[in-house]
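Undergrad: Coordinates in run.cif, mmCIF, C-alpha atoms and all ligand atoms, are listed below.
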data_run
#
loop_
_atom_site.label_atom_id
_atom_site.label_comp_id
_atom_site.auth_asym_id
_atom_site.auth_seq_id
_atom_site.Cartn_x
_atom_site.Cartn_y
_atom_site.Cartn_z
CA MET P 85 -19.79 -75.66 -31.00
CA LYS P 86 -16.10 -74.95 -31.64
CA LYS P 87 -14.66 -72.25 -33.87
CA THR P 88 -12.01 -73.68 -36.21
CA GLU P 89 -10.20 -71.88 -39.04
CA LEU P 90 -10.83 -68.40 -40.43
CA MET P 91 -12.62 -68.96 -43.75
CA TYR P 92 -13.03 -65.40 -44.94
CA GLU P 93 -12.35 -61.86 -43.80
CA GLY P 94 -14.43 -59.04 -45.24
CA LYS P 95 -14.40 -55.31 -44.53
CA ALA P 96 -16.73 -55.50 -41.55
CA LYS P 97 -16.90 -59.19 -40.59
CA LYS P 98 -14.89 -62.38 -40.29
CA VAL P 99 -16.36 -65.81 -40.95
CA PHE P 100 -15.02 -68.87 -39.10
CA ALA P 101 -15.61 -72.53 -39.85
CA THR P 102 -16.89 -74.68 -36.97
CA ASP P 103 -16.81 -78.34 -36.04
CA ASN P 104 -20.34 -78.56 -37.49
CA ASP P 105 -20.17 -78.74 -41.27
CA GLY P 106 -23.43 -76.87 -41.89
CA LEU P 107 -22.72 -73.94 -39.56
CA VAL P 108 -20.27 -71.03 -39.46
CA ILE P 109 -19.57 -68.27 -36.94
CA VAL P 110 -19.75 -64.62 -38.02
CA SER P 111 -17.64 -62.17 -36.04
CA TYR P 112 -18.47 -58.46 -36.41
CA LYS P 113 -15.58 -55.96 -36.44
CA ASP P 114 -15.46 -52.29 -35.42
CA ASP P 115 -13.68 -51.53 -38.72
CA ALA P 116 -15.58 -49.26 -41.08
CA THR P 117 -14.93 -48.55 -44.74
CA ALA P 118 -16.68 -46.47 -47.35
CA PHE P 119 -16.38 -45.77 -51.07
CA ASN P 120 -15.28 -49.33 -51.85
CA GLY P 121 -12.66 -49.36 -49.14
CA LEU P 122 -11.08 -45.98 -50.01
CA LYS P 123 -12.07 -44.44 -46.69
CA LYS P 124 -11.12 -46.43 -43.60
CA GLY P 125 -11.81 -45.97 -39.92
CA THR P 126 -13.07 -47.47 -36.71
CA ILE P 127 -16.47 -47.04 -35.13
CA LEU P 128 -16.08 -48.02 -31.47
CA GLY P 129 -18.69 -50.54 -30.40
CA LYS P 130 -20.04 -50.97 -33.96
CA GLY P 131 -19.34 -54.72 -34.16
CA ALA P 132 -21.35 -55.50 -31.06
CA ILE P 133 -24.20 -53.17 -32.07
CA ASN P 134 -24.46 -54.52 -35.62
CA ASN P 135 -24.41 -58.09 -34.31
CA ARG P 136 -27.26 -57.44 -31.90
CA VAL P 137 -29.33 -55.26 -34.25
CA THR P 138 -28.96 -57.74 -37.13
CA ASN P 139 -29.97 -60.72 -34.99
CA TYR P 140 -32.90 -58.86 -33.49
CA LEU P 141 -34.23 -57.86 -36.91
CA MET P 142 -33.59 -61.29 -38.47
CA LYS P 143 -35.53 -62.99 -35.67
CA MET P 144 -38.39 -60.54 -36.17
CA LEU P 145 -38.38 -61.14 -39.95
CA SER P 146 -38.26 -64.92 -39.59
CA GLU P 147 -41.33 -64.78 -37.34
CA LYS P 148 -43.05 -63.06 -40.26
CA GLY P 149 -42.14 -65.73 -42.78
CA ILE P 150 -38.75 -64.66 -44.17
CA PRO P 151 -36.21 -67.51 -44.02
CA THR P 152 -32.83 -66.33 -42.67
CA HIS P 153 -29.39 -67.78 -41.96
CA PHE P 154 -29.63 -66.89 -38.24
CA ILE P 155 -29.10 -69.70 -35.70
CA GLU P 156 -27.82 -68.33 -32.38
CA GLU P 157 -26.02 -65.32 -30.90
CA ILE P 158 -23.08 -66.66 -28.88
CA ASN P 159 -21.54 -63.45 -27.51
CA ASP P 160 -21.75 -59.72 -28.06
CA ARG P 161 -20.03 -59.77 -31.44
CA GLU P 162 -20.37 -63.38 -32.65
CA THR P 163 -23.27 -65.34 -34.07
CA VAL P 164 -23.74 -68.86 -35.40
CA VAL P 165 -25.38 -68.85 -38.83
CA LYS P 166 -26.12 -71.44 -41.49
CA LYS P 167 -23.31 -71.95 -43.96
CA VAL P 168 -24.51 -70.63 -47.33
CA SER P 169 -23.07 -69.80 -50.69
CA ILE P 170 -23.72 -66.10 -51.13
CA ILE P 171 -25.62 -65.11 -54.29
CA PRO P 172 -23.21 -62.48 -55.71
CA LEU P 173 -25.79 -59.67 -55.65
CA GLU P 174 -26.37 -56.67 -53.43
CA VAL P 175 -30.11 -56.10 -53.40
CA ILE P 176 -31.00 -52.48 -52.65
CA VAL P 177 -34.51 -51.33 -51.79
CA ARG P 178 -35.30 -47.62 -51.74
CA ASN P 179 -38.31 -45.71 -50.41
CA ILE P 180 -36.91 -42.18 -50.35
CA ALA P 181 -34.25 -40.73 -52.65
CA ALA P 182 -30.77 -40.54 -51.13
CA GLY P 183 -27.16 -41.48 -51.84
CA SER P 184 -26.31 -42.84 -55.26
CA LEU P 185 -29.92 -42.64 -56.52
CA SER P 186 -30.05 -38.91 -55.79
CA LYS P 187 -26.75 -38.45 -57.59
CA ARG P 188 -27.70 -40.59 -60.62
CA LEU P 189 -31.14 -39.08 -61.20
CA GLY P 190 -30.53 -35.58 -59.86
CA LEU P 191 -33.04 -35.89 -57.04
CA ASP P 192 -32.88 -33.98 -53.75
CA GLU P 193 -32.25 -36.30 -50.83
CA GLY P 194 -35.50 -36.85 -48.95
CA VAL P 195 -37.83 -36.90 -52.00
CA LYS P 196 -40.39 -39.64 -51.47
CA LEU P 197 -40.54 -42.20 -54.29
CA SER P 198 -44.07 -43.02 -55.45
CA ARG P 199 -43.30 -46.73 -55.03
CA PRO P 200 -40.34 -48.76 -53.75
CA VAL P 201 -37.38 -49.14 -56.10
CA LEU P 202 -35.46 -52.41 -56.33
CA GLU P 203 -31.85 -52.35 -57.57
CA PHE P 204 -29.22 -55.04 -57.97
CA CYS P 205 -25.45 -54.68 -57.93
CA TYR P 206 -23.00 -57.41 -58.86
CA LYS P 207 -20.83 -58.09 -55.79
CA ASP P 208 -17.31 -57.53 -57.04
CA ASP P 209 -14.99 -55.14 -55.21
CA ALA P 210 -12.52 -54.93 -58.10
CA LEU P 211 -15.32 -53.70 -60.38
CA GLY P 212 -16.81 -51.44 -57.68
CA ASP P 213 -20.06 -53.46 -57.37
CA PRO P 214 -21.60 -52.34 -60.70
CA MET P 215 -25.37 -52.04 -61.01
CA VAL P 216 -26.93 -54.81 -63.09
CA ASN P 217 -30.45 -55.57 -64.21
CA ARG P 218 -32.49 -58.74 -64.53
CA TYR P 219 -31.09 -59.49 -67.98
CA HIS P 220 -27.46 -59.24 -66.84
CA ILE P 221 -28.15 -61.42 -63.80
CA LEU P 222 -29.75 -64.18 -65.86
CA ALA P 223 -27.29 -63.97 -68.76
CA MET P 224 -24.35 -64.18 -66.34
CA ASN P 225 -26.03 -66.97 -64.31
CA TYR P 226 -25.54 -65.12 -61.01
CA CYS P 227 -28.68 -67.03 -59.94
CA THR P 228 -31.65 -68.73 -61.59
CA GLU P 229 -34.80 -66.90 -62.68
CA GLN P 230 -36.78 -68.62 -59.97
CA GLU P 231 -34.23 -67.56 -57.34
CA LEU P 232 -34.24 -64.00 -58.63
CA ASP P 233 -38.03 -63.83 -58.39
CA LEU P 234 -37.92 -65.17 -54.84
CA ILE P 235 -35.15 -62.75 -53.82
CA SER P 236 -37.15 -59.84 -55.27
CA GLU P 237 -40.33 -60.95 -53.51
CA TYR P 238 -38.54 -61.40 -50.16
CA SER P 239 -36.81 -58.01 -50.49
CA LEU P 240 -40.05 -56.11 -51.08
CA LYS P 241 -41.74 -58.00 -48.25
CA ILE P 242 -38.82 -57.23 -45.91
CA ASN P 243 -39.19 -53.57 -46.92
CA ARG P 244 -42.85 -53.55 -45.85
CA ILE P 245 -42.27 -55.41 -42.56
CA LEU P 246 -39.16 -53.46 -41.62
CA GLY P 247 -40.58 -50.09 -42.66
CA ASP P 248 -43.69 -50.58 -40.49
CA TYR P 249 -41.64 -51.89 -37.59
CA LEU P 250 -39.15 -49.01 -37.63
CA LYS P 251 -41.89 -46.36 -37.86
CA ASP P 252 -42.99 -47.40 -34.37
CA CYS P 253 -39.43 -46.64 -33.20
CA ASN P 254 -39.54 -43.19 -34.88
CA ILE P 255 -37.16 -44.35 -37.58
CA GLU P 256 -37.80 -43.77 -41.29
CA LEU P 257 -36.40 -46.56 -43.48
CA ILE P 258 -34.92 -44.58 -46.38
CA ASP P 259 -33.13 -47.45 -48.17
CA PHE P 260 -31.15 -50.59 -47.38
CA LYS P 261 -29.02 -53.37 -48.84
CA LEU P 262 -29.64 -57.10 -48.50
CA GLU P 263 -27.71 -60.22 -49.42
CA PHE P 264 -29.11 -63.69 -49.86
CA GLY P 265 -27.46 -67.09 -49.66
CA LYS P 266 -28.22 -70.62 -50.70
CA THR P 267 -28.00 -73.38 -48.09
CA VAL P 268 -26.63 -76.86 -48.81
CA ASP P 269 -30.28 -77.91 -49.25
CA GLY P 270 -30.76 -75.26 -51.95
CA GLU P 271 -32.96 -73.00 -49.82
CA ILE P 272 -32.65 -69.25 -50.43
CA VAL P 273 -32.24 -67.42 -47.11
CA LEU P 274 -31.58 -63.85 -46.02
CA ALA P 275 -27.89 -63.60 -45.06
CA ASP P 276 -25.27 -60.95 -44.21
CA GLU P 277 -26.53 -58.15 -41.95
CA ILE P 278 -29.23 -55.54 -41.44
CA SER P 279 -27.68 -52.71 -39.47
CA PRO P 280 -26.82 -48.99 -39.55
CA ASP P 281 -23.93 -50.04 -41.85
CA THR P 282 -26.31 -51.33 -44.51
CA CYS P 283 -29.43 -49.18 -44.10
CA ARG P 284 -30.25 -45.49 -44.12
CA PHE P 285 -32.21 -44.66 -40.98
CA TRP P 286 -33.53 -41.11 -40.46
CA ASP P 287 -35.32 -39.85 -37.36
CA THR P 288 -38.96 -39.48 -38.43
CA VAL P 289 -39.37 -36.13 -36.67
CA THR P 290 -36.03 -34.34 -37.02
CA GLY P 291 -34.68 -36.12 -40.12
CA GLU P 292 -31.41 -36.68 -38.28
CA LYS P 293 -29.25 -39.38 -39.89
CA LEU P 294 -28.77 -42.40 -37.62
CA ASP P 295 -26.58 -44.57 -39.85
CA LYS P 296 -23.23 -44.99 -41.60
CA ASP P 297 -23.71 -41.80 -43.65
CA ARG P 298 -22.42 -40.02 -40.51
CA PHE P 299 -19.10 -41.82 -41.10
CA ARG P 300 -19.16 -41.62 -44.92
CA ARG P 301 -19.81 -37.86 -44.84
CA ASP P 302 -17.81 -36.93 -41.70
CA LEU P 303 -20.91 -35.68 -39.89
CA GLY P 304 -19.65 -36.55 -36.39
CA GLY P 305 -21.64 -38.36 -33.70
CA VAL P 306 -21.13 -41.71 -35.44
CA GLU P 307 -20.92 -43.88 -32.30
CA ASP P 308 -23.90 -42.08 -30.75
CA ALA P 309 -26.03 -42.74 -33.84
CA TYR P 310 -25.32 -46.50 -33.73
CA GLN P 311 -26.02 -46.52 -29.98
CA GLU P 312 -29.30 -44.68 -30.57
CA ILE P 313 -30.45 -47.33 -33.07
CA LEU P 314 -29.64 -50.09 -30.56
CA LYS P 315 -31.60 -48.21 -27.89
CA ARG P 316 -34.65 -47.56 -30.07
CA LEU P 317 -34.83 -51.17 -31.28
CA LEU P 318 -33.79 -53.21 -28.25
CA GLY P 319 -34.46 -50.64 -25.53
CA GLU P 320 -30.83 -50.60 -24.36
P1 LIG P 401 -26.23 -46.03 -52.17
O1 LIG P 401 -27.21 -44.91 -52.15
O2 LIG P 401 -24.83 -45.61 -51.86
O3 LIG P 401 -26.32 -46.84 -53.44
O4 LIG P 401 -26.63 -47.03 -50.99
C1 LIG P 401 -27.91 -47.62 -50.91
C2 LIG P 401 -28.04 -48.40 -49.64
O5 LIG P 401 -27.19 -49.53 -49.64
C3 LIG P 401 -27.69 -47.63 -48.37
O6 LIG P 401 -28.63 -47.95 -47.36
C4 LIG P 401 -26.34 -48.13 -47.97
C5 LIG P 401 -26.31 -49.51 -48.52
N1 LIG P 401 -24.98 -49.89 -49.00
C6 LIG P 401 -24.32 -50.97 -48.43
O7 LIG P 401 -24.83 -51.59 -47.50
N2 LIG P 401 -23.10 -51.31 -48.93
C7 LIG P 401 -22.50 -50.65 -49.95
O8 LIG P 401 -21.39 -51.03 -50.34
C8 LIG P 401 -23.20 -49.55 -50.54
C9 LIG P 401 -22.58 -48.78 -51.67
C10 LIG P 401 -24.43 -49.21 -50.04
N1 LIG P 402 -19.19 -51.44 -48.42
C1 LIG P 402 -18.74 -50.13 -48.85
C2 LIG P 402 -17.21 -50.11 -48.80
O1 LIG P 402 -16.37 -50.17 -48.43
C3 LIG P 402 -19.04 -49.07 -47.94
C4 LIG P 402 -20.35 -48.38 -47.91
O2 LIG P 402 -21.19 -48.84 -47.17
O3 LIG P 402 -20.50 -47.29 -48.51
O4 LIG P 402 -16.39 -49.69 -48.96
#
Translate the structure of the given file into structure tokens.
Ligand code: TMP
Ligand code: ASP
TA:
Amino acid sequence: MKKTELMYEGKAKKVFATDNDGLVIVSYKDDATAFNGLKKGTILGKGAINNRVTNYLMKMLSEKGIPTHFIEEINDRETVVKKVSIIPLEVIVRNIAAGSLSKRLGLDEGVKLSRPVLEFCYKDDALGDPMVNRYHILAMNYCTEQELDLISEYSLKINRILGDYLKDCNIELIDFKLEFGKTVDGEIVLADEISPDTCRFWDTVTGEKLDKDRFRRDLGGVEDAYQEILKRLLGE
């Protein structure tokens, strides 16, 4: 497979076209941003770690019945994935209060929610990814009702599978963000990434943060936290 032109460059990844019409290559960068791009930096080694962690978790999820865009890892920061049109929603699942939920509802970080919470944000940097509900999504035709039901069902199932899996690695899955895409055949698949950039991971025993909050909040030890996640998941 040959990489051709750069199709898209986001904050953390580039997407290249290939000589196969149905496939693209994702290339993970070490660049990090927070607060809708206001804070910028570099996390050394992040691209390679997020590539490997994402692929590892996507393979695990696909074995458990979640369709994903993953095809093949080609080097430490690049992966071949199915070409999809991204549904313009960030799907957030929360198990424990943290981040923007804590702020919005005045909850201490770490408070366990009595059941998982599903949130949707409309993917639009200029608007700051505003939160939307089911009615907005359907009225604005961001996806169909059937697709929204499937995305919701997949997200809650991913939460159960991932939460159980991470517990065995002494990682508490606090919350995370997913994106879904639609293939040329109209299949809804999990896309984007699942990594310390897009999840909150806390050590189950010490509560130590092992994710991008270390960068967002200037907590130090950012690279070490990403490395620790790679080690706990892939044993490296
Ligand atoms: P929040 O508490 O800031 O709303 O974040 C919820 C989860 O979503 C957290 O695990 C981080 C992730 N997230 C992203 O992946 N991208 C984003 O742009 C934001 C704001 C959050
Ligand atoms: N995707 C968000 C941004 O740049 C960052 C975050 O994860 O908080 O700016």
Undergrad: Hey, could you make a per-residue contact list for region 237-279 of chain P against region 95-106 of chain P with 12 Å as the cut-off, showing the nearest pair of atoms and its distance in Å to one decimal, counting only C-alpha atoms, sorted by chain and number, as JSON lines?
TA:
{"residue": "P:Lys266", "atom": "CA", "partner": "P:Gly106", "partner_atom": "CA", "distance": 11.8}
{"residue": "P:Thr267", "atom": "CA", "partner": "P:Gly106", "partner_atom": "CA", "distance": 8.5}
{"residue": "P:Val268", "atom": "CA", "partner": "P:Gly106", "partner_atom": "CA", "distance": 7.6}
{"residue": "P:Asp269", "atom": "CA", "partner": "P:Gly106", "partner_atom": "CA", "distance": 10.1}
{"residue": "P:Asp276", "atom": "CA", "partner": "P:Lys97", "partner_atom": "CA", "distance": 9.3}
{"residue": "P:Glu277", "atom": "CA", "partner": "P:Lys97", "partner_atom": "CA", "distance": 9.8}
{"residue": "P:Ser279", "atom": "CA", "partner": "P:Ala96", "partner_atom": "CA", "distance": 11.5}
Undergrad: May I have the protein, DNA and RNA residues with any atom at most 12 Å from the point (-28.1, -52.7, -58.5), counting all atoms listed in the file, written as a PDB file with C-alpha atoms, keeping the file's coordinate frame?
TA:
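As a result, part.pdb now contains:
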ATOM      1  CA  PRO P 172     -23.210 -62.480 -55.710  1.00  0.00           C
ATOM      2  CA  LEU P 173     -25.790 -59.670 -55.650  1.00  0.00           C
ATOM      3  CA  GLU P 174     -26.370 -56.670 -53.430  1.00  0.00           C
ATOM      4  CA  VAL P 175     -30.110 -56.100 -53.400  1.00  0.00           C
ATOM      5  CA  ILE P 176     -31.000 -52.480 -52.650  1.00  0.00           C
ATOM      6  CA  VAL P 177     -34.510 -51.330 -51.790  1.00  0.00           C
ATOM      7  CA  ARG P 178     -35.300 -47.620 -51.740  1.00  0.00           C
ATOM      8  CA  SER P 184     -26.310 -42.840 -55.260  1.00  0.00           C
ATOM      9  CA  LEU P 185     -29.920 -42.640 -56.520  1.00  0.00           C
ATOM     10  CA  VAL P 201     -37.380 -49.140 -56.100  1.00  0.00           C
ATOM     11  CA  LEU P 202     -35.460 -52.410 -56.330  1.00  0.00           C
ATOM     12  CA  GLU P 203     -31.850 -52.350 -57.570  1.00  0.00           C
ATOM     13  CA  PHE P 204     -29.220 -55.040 -57.970  1.00  0.00           C
ATOM     14  CA  CYS P 205     -25.450 -54.680 -57.930  1.00  0.00           C
ATOM     15  CA  TYR P 206     -23.000 -57.410 -58.860  1.00  0.00           C
ATOM     16  CA  LYS P 207     -20.830 -58.090 -55.790  1.00  0.00           C
ATOM     17  CA  ASP P 208     -17.310 -57.530 -57.040  1.00  0.00           C
ATOM     18  CA  GLY P 212     -16.810 -51.440 -57.680  1.00  0.00           C
ATOM     19  CA  ASP P 213     -20.060 -53.460 -57.370  1.00  0.00           C
ATOM     20  CA  PRO P 214     -21.600 -52.340 -60.700  1.00  0.00           C
ATOM     21  CA  MET P 215     -25.370 -52.040 -61.010  1.00  0.00           C
ATOM     22  CA  VAL P 216     -26.930 -54.810 -63.090  1.00  0.00           C
ATOM     23  CA  ASN P 217     -30.450 -55.570 -64.210  1.00  0.00           C
ATOM     24  CA  ARG P 218     -32.490 -58.740 -64.530  1.00  0.00           C
ATOM     25  CA  HIS P 220     -27.460 -59.240 -66.840  1.00  0.00           C
ATOM     26  CA  ILE P 221     -28.150 -61.420 -63.800  1.00  0.00           C
ATOM     27  CA  SER P 236     -37.150 -59.840 -55.270  1.00  0.00           C
ATOM     28  CA  PHE P 260     -31.150 -50.590 -47.380  1.00  0.00           C
ATOM     29  CA  LYS P 261     -29.020 -53.370 -48.840  1.00  0.00           C
ATOM     30  CA  LEU P 262     -29.640 -57.100 -48.500  1.00  0.00           C
ATOM     31  CA  GLU P 263     -27.710 -60.220 -49.420  1.00  0.00           C
TER      32      GLU P 263
END
Undergrad: Any residue with an atom at most 9 Å from ligand LIG 402 (chain P) counts, using only C-alpha atoms and all ligand atoms. Which are they? Put them as a list in words.
TA: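 Using only C-alpha atoms and all ligand atoms, I find these residues within 9 Å of ligand LIG 402 (chain P): Lys95, Ala96, Ala116, Thr117, Ala118, Phe119, Asn120, Gly121, Leu122, Lys123, Lys124, Asp209, Gly212, Asp281, Thr282, Cys283, Lys296, Asp297 and Arg300 of chain P.
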Undergrad: Given the point (-33.8, -73.9, -52.0) in the file's coordinates, find the residues that have an atom at most 12 Å from it, counting all atoms listed in the file, and give them as a PDB file with C-alpha atoms, keeping the file's coordinate frame.
TA:
ATOM      1  CA  PRO P 151     -36.210 -67.510 -44.020  1.00  0.00           C
ATOM      2  CA  VAL P 168     -24.510 -70.630 -47.330  1.00  0.00           C
ATOM      3  CA  SER P 169     -23.070 -69.800 -50.690  1.00  0.00           C
ATOM      4  CA  CYS P 227     -28.680 -67.030 -59.940  1.00  0.00           C
ATOM      5  CA  THR P 228     -31.650 -68.730 -61.590  1.00  0.00           C
ATOM      6  CA  GLN P 230     -36.780 -68.620 -59.970  1.00  0.00           C
ATOM      7  CA  GLU P 231     -34.230 -67.560 -57.340  1.00  0.00           C
ATOM      8  CA  LEU P 232     -34.240 -64.000 -58.630  1.00  0.00           C
ATOM      9  CA  LEU P 234     -37.920 -65.170 -54.840  1.00  0.00           C
ATOM     10  CA  ILE P 235     -35.150 -62.750 -53.820  1.00  0.00           C
ATOM     11  CA  PHE P 264     -29.110 -63.690 -49.860  1.00  0.00           C
ATOM     12  CA  GLY P 265     -27.460 -67.090 -49.660  1.00  0.00           C
ATOM     13  CA  LYS P 266     -28.220 -70.620 -50.700  1.00  0.00           C
ATOM     14  CA  THR P 267     -28.000 -73.380 -48.090  1.00  0.00           C
ATOM     15  CA  VAL P 268     -26.630 -76.860 -48.810  1.00  0.00           C
ATOM     16  CA  ASP P 269     -30.280 -77.910 -49.250  1.00  0.00           C
ATOM     17  CA  GLY P 270     -30.760 -75.260 -51.950  1.00  0.00           C
ATOM     18  CA  GLU P 271     -32.960 -73.000 -49.820  1.00  0.00           C
ATOM     19  CA  ILE P 272     -32.650 -69.250 -50.430  1.00  0.00           C
ATOM     20  CA  VAL P 273     -32.240 -67.420 -47.110  1.00  0.00           C
ATOM     21  CA  LEU P 274     -31.580 -63.850 -46.020  1.00  0.00           C
TER      22      LEU P 274
END
Undergrad: Find the distance between CA of Leu257 (chain P) and CA of Gly129 (chain P) and write it in Å to one decimal.
TA: 22.4 Å
Undergrad: Counting all atoms listed in the file, figure out which residue out of P:Thr138, P:Pro280, P:Arg244, P:Gly194 gets nearest to Phe299 (chain P).
TA: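 Result for the nearest residue to Phe299 (chain P): P:Pro280.
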Undergrad: Report as a ChimeraX atom specification all protein, DNA and RNA residues lying within 10 Å of Lys241 (chain P), evaluated on only C-alpha atoms, omitting residues in the same chain fewer than 5 positions from it.
TA: /P:145,148-150,235-236,246-247
Undergrad: Selection from above, C-alpha atoms, as a PDB file, in the coordinates of the input, can you write it?
TA:
ATOM      1  CA  LEU P 145     -38.380 -61.140 -39.950  1.00  0.00           C
ATOM      2  CA  LYS P 148     -43.050 -63.060 -40.260  1.00  0.00           C
ATOM      3  CA  GLY P 149     -42.140 -65.730 -42.780  1.00  0.00           C
ATOM      4  CA  ILE P 150     -38.750 -64.660 -44.170  1.00  0.00           C
ATOM      5  CA  ILE P 235     -35.150 -62.750 -53.820  1.00  0.00           C
ATOM      6  CA  SER P 236     -37.150 -59.840 -55.270  1.00  0.00           C
ATOM      7  CA  LEU P 246     -39.160 -53.460 -41.620  1.00  0.00           C
ATOM      8  CA  GLY P 247     -40.580 -50.090 -42.660  1.00  0.00           C
TER       9      GLY P 247
END
